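Trainee: What follows is run.txt; its format and atoms are compact mmCIF, C-alpha atoms.
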# COMPACT_ATOMS: atom_id res chain seq x y z
CA MET A 1273 33.83 -28.95 -44.53
CA LYS A 1274 30.88 -27.77 -46.62
CA THR A 1275 27.33 -28.83 -45.77
CA ILE A 1276 25.72 -31.38 -48.11
CA GLY A 1277 21.97 -31.11 -48.69
CA LEU A 1278 20.08 -34.32 -49.47
CA ILE A 1279 16.64 -34.49 -51.07
CA GLY A 1280 15.73 -37.95 -49.83
CA GLY A 1281 12.84 -40.33 -49.30
CA MET A 1282 12.83 -41.60 -52.89
CA SER A 1283 13.12 -44.18 -51.46
CA ALA A 1284 13.83 -44.12 -47.75
CA GLU A 1285 15.80 -47.35 -48.23
CA SER A 1286 18.38 -45.76 -50.52
CA THR A 1287 18.43 -42.49 -48.57
CA THR A 1288 19.74 -44.54 -45.65
CA VAL A 1289 22.53 -45.74 -47.94
CA TYR A 1290 23.37 -42.13 -48.82
CA TYR A 1291 23.57 -41.05 -45.18
CA GLN A 1292 25.70 -44.01 -44.14
CA THR A 1293 27.99 -43.85 -47.18
CA ILE A 1294 28.66 -40.11 -46.97
CA ASN A 1295 29.51 -40.37 -43.29
CA ARG A 1296 31.75 -43.40 -43.87
CA LEU A 1297 33.64 -41.60 -46.63
CA VAL A 1298 34.20 -38.52 -44.48
CA ARG A 1299 35.42 -40.65 -41.60
CA GLU A 1300 37.81 -42.53 -43.90
CA ARG A 1301 39.24 -39.29 -45.26
CA LEU A 1302 39.48 -37.28 -42.04
CA GLY A 1303 39.79 -40.03 -39.43
CA GLY A 1304 38.93 -39.87 -35.77
CA LEU A 1305 35.39 -38.92 -34.84
CA HIS A 1306 34.70 -36.92 -37.98
CA SER A 1307 31.31 -37.19 -39.69
CA ALA A 1308 29.63 -35.26 -42.48
CA GLN A 1309 27.70 -32.02 -42.18
CA ILE A 1310 24.36 -32.97 -43.76
CA ALA A 1311 20.98 -31.31 -44.12
CA LEU A 1312 18.27 -33.81 -45.12
CA TRP A 1313 14.82 -33.07 -46.50
CA SER A 1314 13.06 -36.41 -46.76
CA LEU A 1315 9.95 -36.49 -48.95
CA ASP A 1316 6.96 -38.82 -48.79
CA PHE A 1317 7.50 -41.08 -51.79
CA ALA A 1318 3.91 -42.31 -52.27
CA PRO A 1319 2.50 -39.09 -53.80
CA ILE A 1320 5.64 -38.68 -55.91
CA ALA A 1321 5.34 -42.24 -57.23
CA ALA A 1322 1.71 -41.51 -58.11
CA LEU A 1323 2.76 -38.42 -60.05
CA GLN A 1324 5.47 -40.43 -61.83
CA ALA A 1325 2.88 -42.99 -62.90
CA ARG A 1326 0.76 -40.16 -64.35
CA ASP A 1327 3.82 -38.72 -66.14
CA ASP A 1328 3.29 -35.44 -64.27
CA TRP A 1329 6.89 -34.32 -64.09
CA ASP A 1330 5.95 -30.66 -63.75
CA ALA A 1331 4.40 -31.48 -60.39
CA THR A 1332 7.35 -33.55 -59.21
CA GLY A 1333 9.70 -30.79 -60.31
CA ALA A 1334 7.82 -28.27 -58.19
CA ILE A 1335 8.03 -30.55 -55.15
CA LEU A 1336 11.76 -31.12 -55.53
CA ALA A 1337 12.48 -27.46 -56.22
CA ASP A 1338 10.69 -26.56 -53.00
CA ALA A 1339 12.78 -29.13 -51.11
CA ALA A 1340 15.98 -27.69 -52.61
CA ARG A 1341 15.06 -24.17 -51.51
CA ARG A 1342 14.39 -25.42 -48.01
CA LEU A 1343 17.78 -27.14 -47.93
CA GLN A 1344 19.58 -24.04 -49.12
CA GLY A 1345 17.77 -22.09 -46.44
CA ALA A 1346 19.00 -24.63 -43.89
CA GLY A 1347 22.60 -24.03 -44.93
CA ALA A 1348 23.24 -26.60 -47.65
CA GLU A 1349 26.16 -25.59 -49.88
CA ALA A 1350 25.53 -28.30 -52.48
CA ILE A 1351 22.45 -30.43 -53.08
CA LEU A 1352 21.95 -34.05 -54.12
CA ILE A 1353 18.72 -35.55 -55.44
CA CYS A 1354 18.98 -39.02 -53.88
CA ALA A 1355 17.37 -40.86 -56.80
CA ASN A 1356 18.29 -41.41 -60.45
CA THR A 1357 14.80 -41.07 -61.90
CA MET A 1358 14.18 -37.74 -60.23
CA HIS A 1359 17.15 -36.26 -62.07
CA LEU A 1360 14.61 -35.83 -64.83
CA ASN A 1361 13.78 -32.76 -62.72
CA HIS A 1362 17.40 -31.65 -62.31
CA PRO A 1363 16.87 -28.51 -64.44
CA GLU A 1364 14.00 -27.31 -62.23
CA VAL A 1365 15.88 -28.08 -59.04
CA ALA A 1366 19.12 -26.46 -60.21
CA GLY A 1367 17.19 -23.41 -61.38
CA SER A 1368 15.55 -22.95 -57.98
CA VAL A 1369 18.73 -22.50 -55.92
CA SER A 1370 22.07 -20.71 -56.17
CA VAL A 1371 24.18 -23.62 -54.87
CA PRO A 1372 25.42 -26.52 -57.04
CA VAL A 1373 23.09 -29.48 -57.61
CA ILE A 1374 25.47 -32.39 -58.18
CA HIS A 1375 24.14 -34.57 -61.01
CA ILE A 1376 24.23 -38.32 -60.39
CA ALA A 1377 24.92 -39.12 -64.05
CA ASP A 1378 27.95 -36.83 -64.07
CA ALA A 1379 29.37 -38.64 -61.05
CA THR A 1380 28.55 -41.97 -62.68
CA GLY A 1381 30.18 -41.01 -65.96
CA GLU A 1382 33.36 -39.97 -64.19
CA ALA A 1383 33.50 -43.32 -62.38
CA LEU A 1384 32.90 -45.21 -65.64
CA LYS A 1385 35.68 -43.35 -67.43
CA VAL A 1386 38.13 -44.23 -64.66
CA GLY A 1387 37.31 -47.88 -65.39
CA GLY A 1388 37.69 -47.40 -69.15
CA VAL A 1389 34.04 -48.30 -69.78
CA ARG A 1390 32.49 -47.12 -73.04
CA LYS A 1391 29.23 -49.09 -73.44
CA VAL A 1392 27.12 -49.72 -70.36
CA LEU A 1393 24.07 -51.74 -69.50
CA LEU A 1394 21.76 -49.33 -67.67
CA LEU A 1395 19.65 -51.05 -65.01
CA ALA A 1396 17.06 -48.67 -63.61
CA THR A 1397 13.40 -47.77 -63.37
CA ARG A 1398 11.43 -47.81 -66.59
CA PHE A 1399 11.48 -43.97 -66.54
CA THR A 1400 15.28 -43.77 -66.38
CA MET A 1401 15.77 -46.51 -68.98
CA GLU A 1402 13.20 -45.24 -71.48
CA LYS A 1403 13.36 -41.45 -71.22
CA PRO A 1404 16.40 -39.79 -72.84
CA PHE A 1405 17.60 -37.57 -69.98
CA TYR A 1406 20.02 -40.11 -68.47
CA ALA A 1407 21.48 -41.69 -71.58
CA GLU A 1408 22.03 -38.23 -73.07
CA ARG A 1409 23.96 -37.14 -70.00
CA LEU A 1410 26.23 -40.18 -70.28
CA ALA A 1411 26.57 -39.71 -74.05
CA ALA A 1412 27.95 -36.23 -73.41
CA GLN A 1413 30.80 -37.99 -71.60
CA GLY A 1414 31.40 -40.41 -74.48
CA ILE A 1415 29.55 -43.35 -72.96
CA GLU A 1416 26.99 -45.37 -74.93
CA THR A 1417 23.98 -46.77 -73.09
CA LEU A 1418 22.19 -50.06 -73.69
CA THR A 1419 19.02 -51.05 -71.82
CA PRO A 1420 17.35 -54.45 -71.41
CA ASP A 1421 14.48 -55.39 -73.73
CA LYS A 1422 10.93 -54.32 -72.86
CA ALA A 1423 10.01 -57.46 -70.93
CA ASP A 1424 13.13 -57.13 -68.81
CA ARG A 1425 12.57 -53.39 -68.32
CA ASP A 1426 9.05 -54.06 -67.07
CA ALA A 1427 10.27 -56.82 -64.77
CA LEU A 1428 13.06 -54.68 -63.34
CA HIS A 1429 10.71 -51.75 -62.79
CA ALA A 1430 8.39 -54.04 -60.82
CA ILE A 1431 11.28 -55.40 -58.75
CA ILE A 1432 12.29 -51.86 -57.83
CA TYR A 1433 8.84 -50.50 -56.97
CA ASP A 1434 7.24 -53.62 -55.49
CA GLU A 1435 10.26 -54.91 -53.58
CA LEU A 1436 13.41 -52.84 -53.24
CA VAL A 1437 11.87 -49.51 -52.25
CA VAL A 1438 10.11 -51.25 -49.35
CA GLY A 1439 13.18 -53.23 -48.31
CA VAL A 1440 12.23 -56.61 -49.79
CA ILE A 1441 15.19 -58.60 -51.17
CA THR A 1442 14.59 -61.98 -52.83
CA GLU A 1443 16.82 -64.56 -54.47
CA ALA A 1444 14.38 -64.83 -57.38
CA SER A 1445 14.76 -61.14 -58.19
CA LYS A 1446 18.52 -61.34 -57.82
CA ALA A 1447 18.60 -64.23 -60.30
CA ALA A 1448 16.36 -62.32 -62.71
CA VAL A 1449 18.60 -59.25 -62.73
CA LEU A 1450 21.73 -61.37 -63.09
CA ALA A 1451 20.15 -62.93 -66.18
CA MET A 1452 19.55 -59.42 -67.58
CA ILE A 1453 23.21 -58.64 -66.98
CA ALA A 1454 24.27 -61.81 -68.82
CA ARG A 1455 22.16 -60.77 -71.81
CA GLY A 1456 23.65 -57.27 -71.73
CA ARG A 1457 27.16 -58.68 -71.67
CA ALA A 1458 26.35 -60.89 -74.66
CA ALA A 1459 25.10 -57.77 -76.47
CA GLY A 1460 28.51 -56.15 -76.12
CA CYS A 1461 28.34 -54.08 -72.94
CA ASP A 1462 31.68 -53.59 -71.19
CA GLY A 1463 30.23 -52.14 -68.00
CA ILE A 1464 27.14 -52.03 -65.80
CA VAL A 1465 25.37 -49.09 -64.19
CA PHE A 1466 23.15 -49.67 -61.18
CA GLY A 1467 21.02 -46.76 -62.38
CA CYS A 1468 18.54 -47.01 -59.56
CA THR A 1469 19.82 -46.18 -56.09
CA GLU A 1470 18.17 -49.31 -54.67
CA ILE A 1471 19.84 -51.89 -56.93
CA GLY A 1472 22.91 -51.91 -54.74
CA LEU A 1473 20.68 -53.36 -52.02
CA LEU A 1474 20.08 -56.40 -54.24
CA LEU A 1475 23.48 -56.91 -55.90
CA ASP A 1476 27.09 -56.23 -54.95
CA PRO A 1477 29.13 -54.46 -57.67
CA ALA A 1478 32.16 -56.50 -56.61
CA ASP A 1479 30.36 -59.70 -57.66
CA MET A 1480 29.47 -58.51 -61.16
CA PRO A 1481 31.09 -59.98 -64.30
CA LEU A 1482 31.89 -56.50 -65.68
CA PRO A 1483 33.08 -53.21 -64.17
CA THR A 1484 30.08 -51.84 -62.29
CA VAL A 1485 29.17 -48.43 -60.89
CA ASP A 1486 26.63 -48.19 -58.10
CA THR A 1487 25.26 -44.73 -58.79
CA ALA A 1488 24.36 -44.06 -55.16
CA VAL A 1489 27.96 -44.63 -54.11
CA ALA A 1490 29.40 -42.59 -56.99
CA HIS A 1491 27.03 -39.74 -56.10
CA CYS A 1492 28.13 -39.87 -52.46
CA GLU A 1493 31.79 -39.85 -53.46
CA ALA A 1494 31.22 -36.73 -55.58
CA ALA A 1495 29.40 -35.04 -52.71
CA VAL A 1496 32.18 -35.76 -50.22
CA ALA A 1497 34.82 -34.57 -52.68
CA PHE A 1498 32.90 -31.31 -52.99
CA SER A 1499 32.39 -31.00 -49.25
CA LEU A 1500 36.08 -31.49 -48.49
CA GLY A 1501 37.31 -29.40 -51.39
CA GLN A 1502 38.96 -32.34 -53.13
CA ALA A 1503 37.22 -32.03 -56.50
CA GLY A 1504 34.33 -30.30 -58.16
CA LEU A 1505 31.44 -32.20 -59.70
CA GLY A 1506 28.90 -29.54 -58.93
CA SER A 1507 26.43 -28.84 -61.73
CA SER A 1508 23.98 -26.03 -61.29
Written as C-alpha cells, how would this file's structure read?

Mentor:
Amino acid sequence: MKTIGLIGGMSAESTTVYYQTINRLVRERLGGLHSAQIALWSLDFAPIAALQARDDWDATGAILADAARRLQGAGAEAILICANTMHLNHPEVAGSVSVPVIHIADATGEALKVGGVRKVLLLATRFTMEKPFYAERLAAQGIETLTPDKADRDALHAIIYDELVVGVITEASKAAVLAMIARGRAAGCDGIVFGCTEIGLLLDPADMPLPTVDTAVAHCEAAVAFSLGQAGLGSS
C-alpha cells in the first residue's frame, strides 16, 4: 500500500469526507481491519479564501506547493489537493514535488466517461465555473461543460462559502441548487458534476435526475486505486 498525501483544510468539512471515504474504500477492497496510509497537511482556509477573493493565485500556489513538499517529506507517494478550485494551482504543486499529484478533473472525467456522459452541468465555486482551467481539463477528455447563468453562479458561490464550508445545510439551498440542475437539464446536459467538494454534503448523487459525479468521491477512488496498484491516474 502506497501512502496518500492530502492537502486539506479547503474546507475542513470536505477534508473529513476525503479521510472517511479513502479509508472506507481501502477497507472494502482489502477487508478486515485494513485502513489507508495517509499523510495529511491541513491548511487554514481563511487566509487562502482571502487570497482567492483578491485573485492572488501566485500566493495560493506558493502555499500549496509548500504543503506538497512537506507531504513528500513525510513519505507521501502521491498527493491530492482536496479542493476543486485549488487545482488552478495544480501546475505549481506538481512542479514542486517528484511524486504524482492526482488531478481531480482527470478522475472526474474518467468517471463521466464510464457513465457515457458528454455534456455536463458544472456546479462549483465561481472560480471553478468561470476560469478555464477545469473546463479545459474535461474538454481534453471529450467532455463539454455548461455552467449556470451568472445569477445562479453567484448564488451557488454564496451557498458554498457562507454555508457548506462551515457545515451549514439548509433546505432552501438544496431547493435552489436542484432548480439550477433542472435548468441545466433543460439546456441539454446529460450529466452533473459536483465540482465543489462540499456539494456532496448538500445533495446525494443517487437522487439526481442525471448521471452525477461527486468529484470528492471520484478523487478518492483514484487515490485508492493508485495506493493499491489497481490503476494509475497520477498526473505530475

Trainee: So what do you get for atom CA of A:Val1371 versus atom CA of A:Arg1342, distance-wise?

Mentor: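 It comes out at 12.1 Å.
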
Trainee: Using all atoms listed in the file, tabulate the residues of stretch 1342-1397 of chain A lying at most 6 Å from any atom of stretch 1275-1297 of chain A, each with its closest atom pair and that distance in Å to one decimal, by chain and increasing residue number, as JSON lines.

Mentor:
{"residue": "A:Leu1343", "atom": "CA", "partner": "A:Gly1277", "partner_atom": "CA", "distance": 5.8}
{"residue": "A:Ala1348", "atom": "CA", "partner": "A:Gly1277", "partner_atom": "CA", "distance": 4.8}
{"residue": "A:Glu1349", "atom": "CA", "partner": "A:Thr1275", "partner_atom": "CA", "distance": 5.4}
{"residue": "A:Ala1350", "atom": "CA", "partner": "A:Ile1276", "partner_atom": "CA", "distance": 5.3}
{"residue": "A:Ile1351", "atom": "CA", "partner": "A:Gly1277", "partner_atom": "CA", "distance": 4.5}
{"residue": "A:Leu1352", "atom": "CA", "partner": "A:Leu1278", "partner_atom": "CA", "distance": 5.0}
{"residue": "A:Ile1353", "atom": "CA", "partner": "A:Ile1279", "partner_atom": "CA", "distance": 5.0}
{"residue": "A:Cys1354", "atom": "CA", "partner": "A:Gly1280", "partner_atom": "CA", "distance": 5.3}

Trainee: Which residue gives the smallest distance to A:Leu1418 among A:Arg1301, A:Lys1403, A:Arg1455, A:Lys1391, with only C-alpha atoms counted?

Mentor: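 Using only C-alpha atoms, A:Leu1418 sits closest to A:Lys1391.
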
Trainee: Name the residues in contact with stretch 1489-1493 of chain A at a cut-off of 6 Å, using only C-alpha atoms, excluding same-chain residues fewer than 5 positions from it; report them as a list in words.

Mentor: Ile1294, Ile1376, Ala1379 and Thr1380 of chain A

Trainee: For a test of reading the model, state the distance in Å between atom CA of A:Val1392 and atom CA of A:Thr1419, rounded to one decimal.

Mentor: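 Distance between the two atoms: 8.3 Å.
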